[in-house]
>>> print(open('final36.txt').read())   # compact mmCIF, C-alpha atoms and all ligand atoms
# COMPACT_ATOMS: atom_id res chain seq x y z
CA MET W 327 -11.90 -3.45 -1.22
CA LYS W 328 -12.76 -7.15 -1.44
CA ASP W 329 -16.13 -7.14 0.28
CA HIS W 330 -16.55 -10.88 -0.17
CA ILE W 331 -13.48 -11.65 1.87
CA VAL W 332 -14.00 -9.21 4.75
CA THR W 333 -15.30 -11.69 7.26
CA THR W 334 -15.24 -10.09 10.69
CA ASP W 335 -16.81 -13.28 12.11
CA VAL W 336 -13.37 -14.89 11.83
CA LYS W 337 -11.36 -13.69 14.81
CA PRO W 338 -7.68 -14.65 14.71
CA GLN W 339 -5.70 -14.78 17.92
CA VAL W 340 -3.15 -11.98 17.82
CA GLU W 341 -0.06 -12.03 20.05
CA ALA W 342 2.00 -8.82 20.12
CA PHE W 343 5.75 -8.59 20.73
CA PHE W 344 6.94 -5.08 21.56
CA ASP W 345 10.54 -4.15 20.76
CA GLU W 346 11.68 -1.44 23.17
CA ALA W 347 14.79 -0.48 21.19
CA THR W 348 12.82 0.54 18.09
CA ASN W 349 9.22 0.93 19.41
CA THR W 350 8.14 -1.72 16.90
CA ILE W 351 5.29 -4.14 17.49
CA SER W 352 5.66 -7.54 15.79
CA TYR W 353 2.77 -9.99 15.68
CA VAL W 354 2.01 -13.69 15.59
CA VAL W 355 -1.46 -14.13 14.07
CA LYS W 356 -3.11 -17.53 14.53
CA ASP W 357 -5.94 -18.95 12.46
CA PRO W 358 -8.75 -19.65 14.98
CA ALA W 359 -9.61 -22.94 13.25
CA SER W 360 -6.15 -24.54 12.98
CA ASP W 361 -2.55 -24.33 14.19
CA ALA W 362 -1.50 -22.20 11.23
CA CYS W 363 -0.02 -18.78 11.93
CA ALA W 364 1.69 -15.80 10.33
CA VAL W 365 4.39 -13.46 11.58
CA ILE W 366 4.04 -9.77 10.80
CA ASP W 367 6.95 -7.31 10.87
CA SER W 368 9.64 -9.16 12.81
CA VAL W 369 12.70 -7.41 14.28
CA MET W 370 16.40 -8.29 14.23
CA ASP W 371 18.35 -6.62 17.05
CA ILE W 372 21.29 -4.43 16.07
CA ASP W 373 23.89 -2.64 18.12
CA HIS W 374 24.72 -0.21 15.35
CA ALA W 375 27.67 1.37 17.14
CA ALA W 376 29.29 -2.04 17.54
CA GLY W 377 28.15 -3.44 14.17
CA ARG W 378 26.61 -6.42 15.99
CA ILE W 379 23.38 -8.25 15.23
CA THR W 380 21.51 -10.59 17.58
CA TYR W 381 18.08 -12.21 17.72
CA GLU W 382 16.53 -11.86 21.18
CA HIS W 383 13.31 -10.38 19.84
CA ALA W 384 12.94 -12.93 17.03
CA ASP W 385 13.75 -15.77 19.46
CA ARG W 386 10.87 -14.66 21.71
CA MET W 387 8.52 -15.04 18.73
CA ILE W 388 10.07 -18.36 17.68
CA ASP W 389 9.75 -19.68 21.26
CA TYR W 390 6.10 -18.62 21.36
CA ILE W 391 5.30 -20.32 18.04
CA THR W 392 7.15 -23.49 19.06
CA ALA W 393 5.67 -23.61 22.58
CA HIS W 394 2.14 -23.37 21.17
CA GLY W 395 2.78 -26.01 18.50
CA LEU W 396 1.97 -23.59 15.68
CA SER W 397 2.89 -24.01 12.07
CA LEU W 398 4.30 -20.86 10.47
CA GLU W 399 2.96 -20.26 6.96
CA TRP W 400 3.78 -16.62 6.28
CA ILE W 401 6.39 -14.08 7.32
CA ILE W 402 4.96 -10.78 6.16
CA GLU W 403 6.54 -7.35 5.92
CA THR W 404 4.00 -4.54 5.73
CA HIS W 405 6.73 -2.45 4.05
CA VAL W 406 10.47 -1.81 3.84
CA HIS W 407 10.99 -0.44 7.33
CA ALA W 408 13.38 2.44 7.89
CA ASP W 409 13.70 2.19 11.65
CA HIS W 410 14.33 -1.48 12.37
CA LEU W 411 15.83 -4.51 10.65
CA SER W 412 13.71 -7.52 9.70
CA ALA W 413 14.50 -10.97 11.10
CA ALA W 414 12.47 -12.72 8.38
CA PRO W 415 15.27 -14.99 7.04
CA TYR W 416 16.31 -16.03 10.56
CA ILE W 417 12.73 -16.98 11.45
CA GLN W 418 12.25 -18.72 8.10
CA GLU W 419 15.38 -20.80 8.64
CA LYS W 420 14.09 -21.96 12.04
CA LEU W 421 10.39 -22.42 11.29
CA GLY W 422 9.77 -22.28 7.54
CA GLY W 423 7.08 -20.06 6.04
CA ARG W 424 7.09 -17.79 3.00
CA ILE W 425 8.38 -14.21 3.12
CA GLY W 426 5.99 -11.74 1.48
CA ILE W 427 5.95 -7.99 0.77
CA GLY W 428 4.16 -5.62 -1.62
CA GLU W 429 5.13 -5.82 -5.29
CA LYS W 430 6.14 -2.15 -5.25
CA ILE W 431 9.30 -3.35 -3.49
CA LEU W 432 10.68 -3.08 -7.03
CA VAL W 433 10.31 0.71 -6.81
CA VAL W 434 11.98 0.76 -3.39
CA GLN W 435 14.83 -1.45 -4.65
CA ASP W 436 15.33 0.80 -7.64
CA VAL W 437 15.33 4.06 -5.63
CA PHE W 438 17.57 2.78 -2.83
CA GLY W 439 19.71 0.65 -5.16
CA LYS W 440 20.82 4.00 -6.63
CA ILE W 441 21.21 5.75 -3.26
CA PHE W 442 23.41 2.91 -1.96
CA ASN W 443 25.18 2.58 -5.32
CA GLU W 444 24.50 -1.17 -5.38
CA GLY W 445 26.15 -3.31 -8.04
CA THR W 446 24.42 -5.67 -10.45
CA GLU W 447 24.49 -8.48 -7.87
CA PHE W 448 21.69 -6.62 -6.09
CA GLN W 449 18.61 -7.81 -7.98
CA ARG W 450 15.87 -5.17 -8.24
CA ASP W 451 13.13 -7.63 -9.18
CA GLY W 452 11.88 -8.59 -5.71
CA SER W 453 13.33 -12.09 -6.13
CA GLN W 454 14.68 -12.02 -2.56
CA PHE W 455 11.06 -12.51 -1.41
CA ASP W 456 8.87 -15.60 -1.84
CA ARG W 457 5.70 -13.67 -2.65
CA LEU W 458 5.03 -10.17 -3.97
CA PHE W 459 1.50 -9.07 -3.08
CA THR W 460 -0.54 -6.91 -5.43
CA ASP W 461 -3.49 -4.76 -4.45
CA GLY W 462 -6.41 -7.03 -3.49
CA ASP W 463 -4.30 -10.20 -3.56
CA THR W 464 -5.75 -13.04 -1.53
CA TYR W 465 -3.96 -15.78 0.40
CA SER W 466 -4.71 -17.93 3.41
CA VAL W 467 -3.32 -18.75 6.84
CA GLY W 468 -4.63 -22.25 7.49
CA GLY W 469 -8.32 -21.94 6.64
CA MET W 470 -8.44 -18.19 7.27
CA ALA W 471 -8.92 -16.08 4.15
CA CYS W 472 -6.65 -13.01 4.05
CA PHE W 473 -6.04 -10.20 1.63
CA ALA W 474 -3.51 -7.46 1.01
CA MET W 475 -4.44 -3.86 0.26
CA HIS W 476 -1.91 -1.55 -1.38
CA THR W 477 -1.65 1.50 0.90
CA PRO W 478 1.27 3.61 -0.38
CA GLY W 479 2.29 7.05 0.85
CA HIS W 480 4.62 6.34 3.77
CA THR W 481 6.56 4.22 1.27
CA PRO W 482 5.65 2.96 -2.24
CA ALA W 483 5.44 -0.70 -1.15
CA CYS W 484 3.22 -0.31 1.95
CA MET W 485 0.45 -2.89 2.23
CA THR W 486 -2.28 -3.36 4.81
CA HIS W 487 -2.98 -7.04 5.53
CA VAL W 488 -6.50 -8.06 6.50
CA MET W 489 -6.93 -11.39 8.30
CA GLY W 490 -10.48 -12.06 9.48
CA ASP W 491 -11.50 -9.18 11.76
CA ALA W 492 -7.91 -7.96 12.16
CA ALA W 493 -6.07 -5.48 9.93
CA PHE W 494 -2.30 -4.95 10.11
CA VAL W 495 -1.69 -1.47 8.85
CA GLY W 496 2.08 -1.09 9.12
CA ASP W 497 2.88 2.63 9.43
CA THR W 498 -0.06 3.92 7.39
CA LEU W 499 -1.84 4.78 10.65
CA PHE W 500 -0.62 5.03 14.23
CA MET W 501 -2.86 4.86 17.30
CA PRO W 502 -5.53 7.62 17.19
CA ASP W 503 -3.43 9.92 19.43
CA GLY W 504 -0.30 9.21 17.36
CA GLY W 505 -1.82 10.11 13.99
CA SER W 506 0.09 8.93 10.94
CA ALA W 507 3.64 8.19 9.83
CA ARG W 508 5.85 10.54 7.85
CA ALA W 509 5.55 10.65 4.06
CA ASP W 510 8.88 12.24 3.13
CA PHE W 511 11.13 9.22 2.55
CA PRO W 512 12.23 8.71 -1.08
CA GLY W 513 9.09 7.48 -2.88
CA GLY W 514 6.76 8.72 -0.11
CA ASP W 515 3.84 11.08 -0.81
CA ALA W 516 1.50 12.83 1.63
CA GLY W 517 -1.46 12.90 -0.78
CA GLU W 518 -1.08 9.18 -1.49
CA LEU W 519 -0.87 8.52 2.23
CA TYR W 520 -4.16 10.36 2.78
CA ASP W 521 -5.83 8.31 0.03
CA SER W 522 -4.46 5.08 1.50
CA ILE W 523 -5.70 6.02 4.96
CA GLN W 524 -9.20 6.58 3.53
CA LYS W 525 -8.99 3.11 1.97
CA VAL W 526 -8.15 1.61 5.37
CA LEU W 527 -10.89 3.60 7.08
CA SER W 528 -13.43 2.17 4.61
CA LEU W 529 -12.98 -1.26 6.23
CA PRO W 530 -15.75 -2.30 8.67
CA GLY W 531 -15.85 -0.06 11.78
CA ASP W 532 -15.61 -2.96 14.23
CA MET W 533 -12.48 -4.35 12.59
CA ARG W 534 -9.49 -4.52 14.96
CA LEU W 535 -6.52 -2.48 13.76
CA PHE W 536 -2.97 -3.39 14.77
CA ILE W 537 -0.24 -0.84 14.27
CA CYS W 538 3.50 -1.30 13.78
CA HIS W 539 4.91 1.47 15.99
CA ASP W 540 3.89 3.34 19.10
CA TYR W 541 5.82 5.97 21.04
CA GLY W 542 3.36 6.52 23.92
CA PRO W 543 2.49 10.15 23.16
CA GLY W 544 2.06 12.31 26.26
CA GLY W 545 3.64 9.61 28.40
CA ARG W 546 0.79 7.09 28.08
CA GLU W 547 1.44 3.34 28.14
CA ILE W 548 2.58 1.78 24.86
CA ALA W 549 -0.48 0.58 22.90
CA TRP W 550 -0.99 -1.14 19.55
CA GLU W 551 -4.62 -2.10 19.10
CA THR W 552 -7.53 0.10 18.10
CA THR W 553 -10.51 -0.17 15.74
CA ILE W 554 -11.37 1.32 12.37
CA ALA W 555 -14.27 3.21 14.00
CA GLU W 556 -11.99 4.77 16.64
CA GLU W 557 -9.52 5.88 13.98
CA ARG W 558 -12.27 7.40 11.84
CA GLU W 559 -13.57 9.45 14.73
CA THR W 560 -10.52 10.42 16.73
CA ASN W 561 -7.28 10.06 14.76
CA ILE W 562 -5.51 13.38 15.36
CA HIS W 563 -4.24 13.66 11.76
CA VAL W 564 -7.18 12.41 9.72
CA GLY W 565 -10.12 11.77 12.06
CA GLY W 566 -13.34 13.75 12.07
CA GLY W 567 -13.30 14.37 8.32
CA LYS W 568 -10.00 16.26 7.82
CA THR W 569 -9.62 17.11 4.14
CA ARG W 570 -6.86 15.91 1.82
CA GLU W 571 -5.53 19.48 1.49
CA GLU W 572 -5.42 19.97 5.27
CA PHE W 573 -3.61 16.67 5.69
CA ILE W 574 -1.01 17.37 2.97
CA ALA W 575 -0.26 20.83 4.41
CA PHE W 576 0.09 19.49 7.94
CA ARG W 577 2.08 16.38 6.98
CA THR W 578 4.50 18.27 4.72
CA ALA W 579 5.19 20.92 7.38
CA ARG W 580 5.68 18.30 10.09
CA ASP W 581 7.94 16.08 7.97
CA ALA W 582 10.23 19.02 7.20
CA GLN W 583 11.00 19.18 10.96
CA LEU W 584 11.86 15.47 11.40
CA SER W 585 15.38 14.11 11.41
CA MET W 586 16.16 10.73 9.82
CA PRO W 587 15.41 7.60 11.89
CA LYS W 588 18.53 6.41 13.74
CA LEU W 589 18.63 3.07 11.93
CA ILE W 590 17.55 4.12 8.43
CA ILE W 591 20.91 3.36 6.79
CA PRO W 592 21.26 -0.23 8.03
CA SER W 593 17.50 -0.87 7.92
CA ILE W 594 16.96 -0.07 4.26
CA GLN W 595 20.01 -2.03 3.08
CA VAL W 596 18.87 -5.12 4.94
CA ASN W 597 15.11 -4.85 4.49
CA MET W 598 15.23 -4.27 0.73
CA ARG W 599 17.04 -7.65 0.64
CA ALA W 600 14.20 -9.35 2.57
CA GLY W 601 16.21 -9.17 5.79
CA GLU W 602 19.54 -10.46 4.45
CA MET W 603 22.72 -8.55 5.28
CA PRO W 604 24.65 -7.26 2.25
CA HIS W 605 28.02 -8.93 1.56
CA ASP W 606 31.25 -7.38 0.38
CA GLY W 607 32.07 -9.92 -2.34
CA GLN W 608 34.40 -11.91 -0.05
CA GLY W 609 31.61 -13.34 2.05
CA ASN W 610 31.70 -10.73 4.82
CA MET W 611 28.54 -9.03 6.01
CA THR W 612 29.07 -5.30 5.52
CA LEU W 613 26.90 -2.18 5.56
CA LYS W 614 27.57 1.02 3.63
CA VAL W 615 27.11 4.61 4.73
CA PRO W 616 26.47 6.74 1.63
CA ILE W 617 27.45 10.34 2.37
CA ASN W 618 24.94 13.13 1.78
CA ALA W 619 22.81 10.78 -0.32
CA LEU W 620 19.63 10.82 1.80
CA LYS W 621 17.71 14.04 1.42
FE FE D 701 7.90 2.47 8.35
>>> encode(input="final36.txt", output="structure tokens")
Amino acid sequence: MKDHIVTTDVKPQVEAFFDEATNTISYVVKDPASDACAVIDSVMDIDHAAGRITYEHADRMIDYITAHGLSLEWIIETHVHADHLSAAPYIQEKLGGRIGIGEKILVVQDVFGKIFNEGTEFQRDGSQFDRLFTDGDTYSVGGMACFAMHTPGHTPACMTHVMGDAAFVGDTLFMPDGGSARADFPGGDAGELYDSIQKVLSLPGDMRLFICHDYGPGGREIAWETTIAEERETNIHVGGGKTREEFIAFRTARDAQLSMPKLIIPSIQVNMRAGEMPHDGQGNMTLKVPINALK
């Protein structure tokens, strides 16, 4: 962890945008000292049955950024999402900003490039993104110092982004009563996920933690903000000092019961291209459905 850059005195303004269709929370994070902002984990709307994409959710974020006179510097993906499609290129076209993801996107592109039997036109070097973050990489939003922490396990490319006193954890942790995300996608690993969670929990206890998905367990209201201290004490999967062995046994058994996310097939194809739809060689946007290829 970069102790020198963990400055919980800097408190960015965080605006959350909940997407009901996919239970995703996207964020606009504003530097408290300037008009600079970042977008985290945007959503493109898809009617999969109809093969139709639209941008209501992204437009809400764009309208917010425009209405507040903010300048968009970064469009960050915490990982290659399997349950929603990114709107990063659409937002970039309207507002600018650089699209960033973890450098292990190369692993994800390699694994899923094979599963989707992609041709050579699909580059597996991360070049679809403007910035590939490595573990401990620093960057800034306006004057606010930020850093990226590699937190694999849910997927190989998962990163947690720390901006002042706020950490954006992607799917590495859910709210304390939601636990953690699955670790059984290709390239996922329950032991790695446990280690990554410990890394996140070693951040300062009063740091605000913003999660990427919430399903309102037990019928409670949708929520997305907690603290590192709360997660350490009460997270149902790892809180209160659960051991690595206990976590791996639990996570592996649970994951074996889960079916694939509804949108995994379109999501991966689009998100591993930084949010661009694949084309069929004649300029048409087309998605593939590989048969019996996802285990
Ligand atoms: Fe995810």
>>> residues_near_ligand(input="final36.txt", ligand="ligand FE 701 (chain D)", cutoff="10 Å", atoms="all atoms listed in the file", output="list in words")
Thr350, Thr404, His405, Val406, His407, Ala408, Asp409, His410, His480, Thr481, Cys484, Gly496, Asp497, Thr498, Ala507, Arg508, Ala509, Phe511, Cys538, His539, Pro587 and Ile590 of chain W
>>> residues_around(input="final36.txt", residues="segment 574-583 of chain W", least_positions_apart="6", cutoff="9 Å", atoms="only C-alpha atoms", output="list in words")
Ser506, Ala507, Arg508, Ala509, Asp510, Asp515, Ala516, Gly517, Leu519, Tyr520 and His563 of chain W
>>> closest_residue(input="final36.txt", among="W:Gln435, W:Glu429, W:Val332, W:Tyr416", to="Gly531 of chain W", atoms="only C-alpha atoms")
W:Val332
>>> atom_distance(input="final36.txt", atom1="atom CA of Ser466 of chain W", atom2="atom CA of Val488 of chain W")
10.5 Å
>>> closest_residue(input="final36.txt", among="W:Lys420, W:Arg457, W:His487, W:Lys430", to="Ala471 of chain W", atoms="only C-alpha atoms")
W:His487
>>> closest_residue(input="final36.txt", among="W:Thr380, W:Ser528, W:Thr392, W:Thr446", to="Gly607 of chain W", atoms="all atoms listed in the file")
W:Thr446
>>> atom_distance(input="final36.txt", atom1="atom CA of Ile372 of chain W", atom2="atom CA of Gly423 of chain W")
23.4 Å
>>> closest_residue(input="final36.txt", among="W:Gly566, W:Gly395, W:Gly609, W:Gly426", to="Val365 of chain W", atoms="only C-alpha atoms")
W:Gly426
>>> closest_residue(input="final36.txt", among="W:Cys472, W:Ile523, W:Val615, W:Ala492", to="Glu557 of chain W", atoms="only C-alpha atoms")
W:Ile523
>>> closest_residue(input="final36.txt", among="W:Tyr541, W:Tyr390, W:Phe438, W:Phe459", to="Cys363 of chain W", atoms="only C-alpha atoms")
W:Tyr390
>>> residues_around(input="final36.txt", residues="Ala619 of chain W", least_positions_apart="3", cutoff="12 Å", atoms="all atoms listed in the file", output="list in words")
Val437, Phe438, Gly439, Lys440, Ile441, Phe442, Asn443, Pro512, Ile591, Lys614, Val615 and Pro616 of chain W
>>> residues_around(input="final36.txt", residues="Val355 of chain W", least_positions_apart="6", cutoff="7 Å", atoms="only C-alpha atoms", output="ChimeraX atom specification")
/W:338-341,363-365
>>> atom_distance(input="final36.txt", atom1="atom CA of Asp491 of chain W", atom2="atom CA of Pro530 of chain W")
8.7 Å
>>> residues_around(input="final36.txt", residues="Gly462 of chain W", least_positions_apart="3", cutoff="12 Å", atoms="only C-alpha atoms", output="list in words")
Met327, Lys328, Asp329, His330, Ile331, Val332, Gly428, Glu429, Leu458, Phe459, Tyr465, Cys472, Phe473, Ala474, Met475, His476, Thr477, Met485, Thr486, His487, Val488 and Lys525 of chain W
>>> residues_around(input="final36.txt", residues="Ala493 of chain W", least_positions_apart="3", cutoff="9 Å", atoms="only C-alpha atoms", output="list in words")
Thr486, His487, Val488, Met489, Gly490, Val526, Leu529, Met533, Arg534, Leu535, Phe536, Ile537 and Ile554 of chain W
>>> build_atoms(input="final36.txt", residues="segment 590-601 of chain W", atoms="all heavy atoms", output="compact mmCIF listing (two decimals), in the coordinates of the input")
# COMPACT_ATOMS: atom_id res chain seq x y z
N ILE W 590 18.00 4.18 9.83
CA ILE W 590 17.55 4.12 8.43
C ILE W 590 18.61 3.50 7.52
O ILE W 590 18.28 2.69 6.64
CB ILE W 590 17.07 5.50 7.90
CG1 ILE W 590 16.44 5.33 6.50
CG2 ILE W 590 18.16 6.55 7.89
CD1 ILE W 590 15.70 6.54 5.98
N ILE W 591 19.87 3.84 7.72
CA ILE W 591 20.91 3.36 6.79
C ILE W 591 21.08 1.84 6.85
O ILE W 591 21.00 1.18 5.81
CB ILE W 591 22.20 4.18 6.97
CG1 ILE W 591 21.92 5.56 6.36
CG2 ILE W 591 23.41 3.49 6.36
CD1 ILE W 591 23.05 6.51 6.27
N PRO W 592 21.24 1.24 8.04
CA PRO W 592 21.26 -0.23 8.03
C PRO W 592 19.91 -0.85 7.66
O PRO W 592 19.87 -1.86 6.95
CB PRO W 592 21.65 -0.59 9.47
CG PRO W 592 21.38 0.62 10.29
CD PRO W 592 21.55 1.79 9.37
N SER W 593 18.82 -0.25 8.13
CA SER W 593 17.50 -0.87 7.92
C SER W 593 17.18 -1.06 6.45
O SER W 593 16.77 -2.14 6.01
CB SER W 593 16.38 -0.01 8.54
OG SER W 593 16.53 0.08 9.92
N ILE W 594 17.35 0.00 5.67
CA ILE W 594 16.96 -0.07 4.26
C ILE W 594 17.82 -1.11 3.52
O ILE W 594 17.31 -1.91 2.75
CB ILE W 594 17.10 1.30 3.57
CG1 ILE W 594 16.22 2.34 4.26
CG2 ILE W 594 16.80 1.20 2.08
CD1 ILE W 594 14.78 2.32 3.90
N GLN W 595 19.13 -1.09 3.79
CA GLN W 595 20.01 -2.03 3.08
C GLN W 595 19.65 -3.48 3.34
O GLN W 595 19.76 -4.33 2.47
CB GLN W 595 21.47 -1.81 3.50
CG GLN W 595 22.06 -0.54 2.96
CD GLN W 595 23.46 -0.30 3.50
OE1 GLN W 595 24.43 -0.83 2.98
NE2 GLN W 595 23.56 0.50 4.54
N VAL W 596 19.22 -3.75 4.57
CA VAL W 596 18.87 -5.12 4.94
C VAL W 596 17.44 -5.45 4.49
O VAL W 596 17.19 -6.49 3.88
CB VAL W 596 19.03 -5.29 6.48
CG1 VAL W 596 18.38 -6.57 6.97
CG2 VAL W 596 20.51 -5.26 6.83
N ASN W 597 16.51 -4.55 4.74
CA ASN W 597 15.11 -4.85 4.49
C ASN W 597 14.77 -4.91 3.00
O ASN W 597 13.88 -5.65 2.60
CB ASN W 597 14.21 -3.84 5.21
CG ASN W 597 14.36 -3.94 6.72
OD1 ASN W 597 14.80 -4.96 7.24
ND2 ASN W 597 14.02 -2.87 7.42
N MET W 598 15.51 -4.17 2.18
CA MET W 598 15.23 -4.27 0.73
C MET W 598 15.78 -5.58 0.17
O MET W 598 15.49 -5.96 -0.95
CB MET W 598 15.77 -3.06 -0.03
CG MET W 598 17.26 -2.97 -0.16
SD MET W 598 17.69 -1.44 -1.05
CE MET W 598 19.48 -1.61 -1.15
N ARG W 599 16.55 -6.30 0.99
CA ARG W 599 17.04 -7.65 0.64
C ARG W 599 16.25 -8.71 1.41
O ARG W 599 16.77 -9.79 1.69
CB ARG W 599 18.51 -7.78 0.99
CG ARG W 599 19.45 -6.94 0.15
CD ARG W 599 20.88 -7.05 0.66
NE ARG W 599 21.84 -6.58 -0.31
CZ ARG W 599 22.20 -5.30 -0.47
NH1 ARG W 599 21.69 -4.37 0.31
NH2 ARG W 599 23.08 -4.96 -1.40
N ALA W 600 15.04 -8.41 1.82
CA ALA W 600 14.20 -9.35 2.57
C ALA W 600 14.81 -9.76 3.90
O ALA W 600 14.56 -10.86 4.40
CB ALA W 600 13.87 -10.60 1.73
N GLY W 601 15.64 -8.89 4.48
CA GLY W 601 16.21 -9.17 5.79
C GLY W 601 17.61 -9.76 5.76
O GLY W 601 18.18 -10.05 6.80
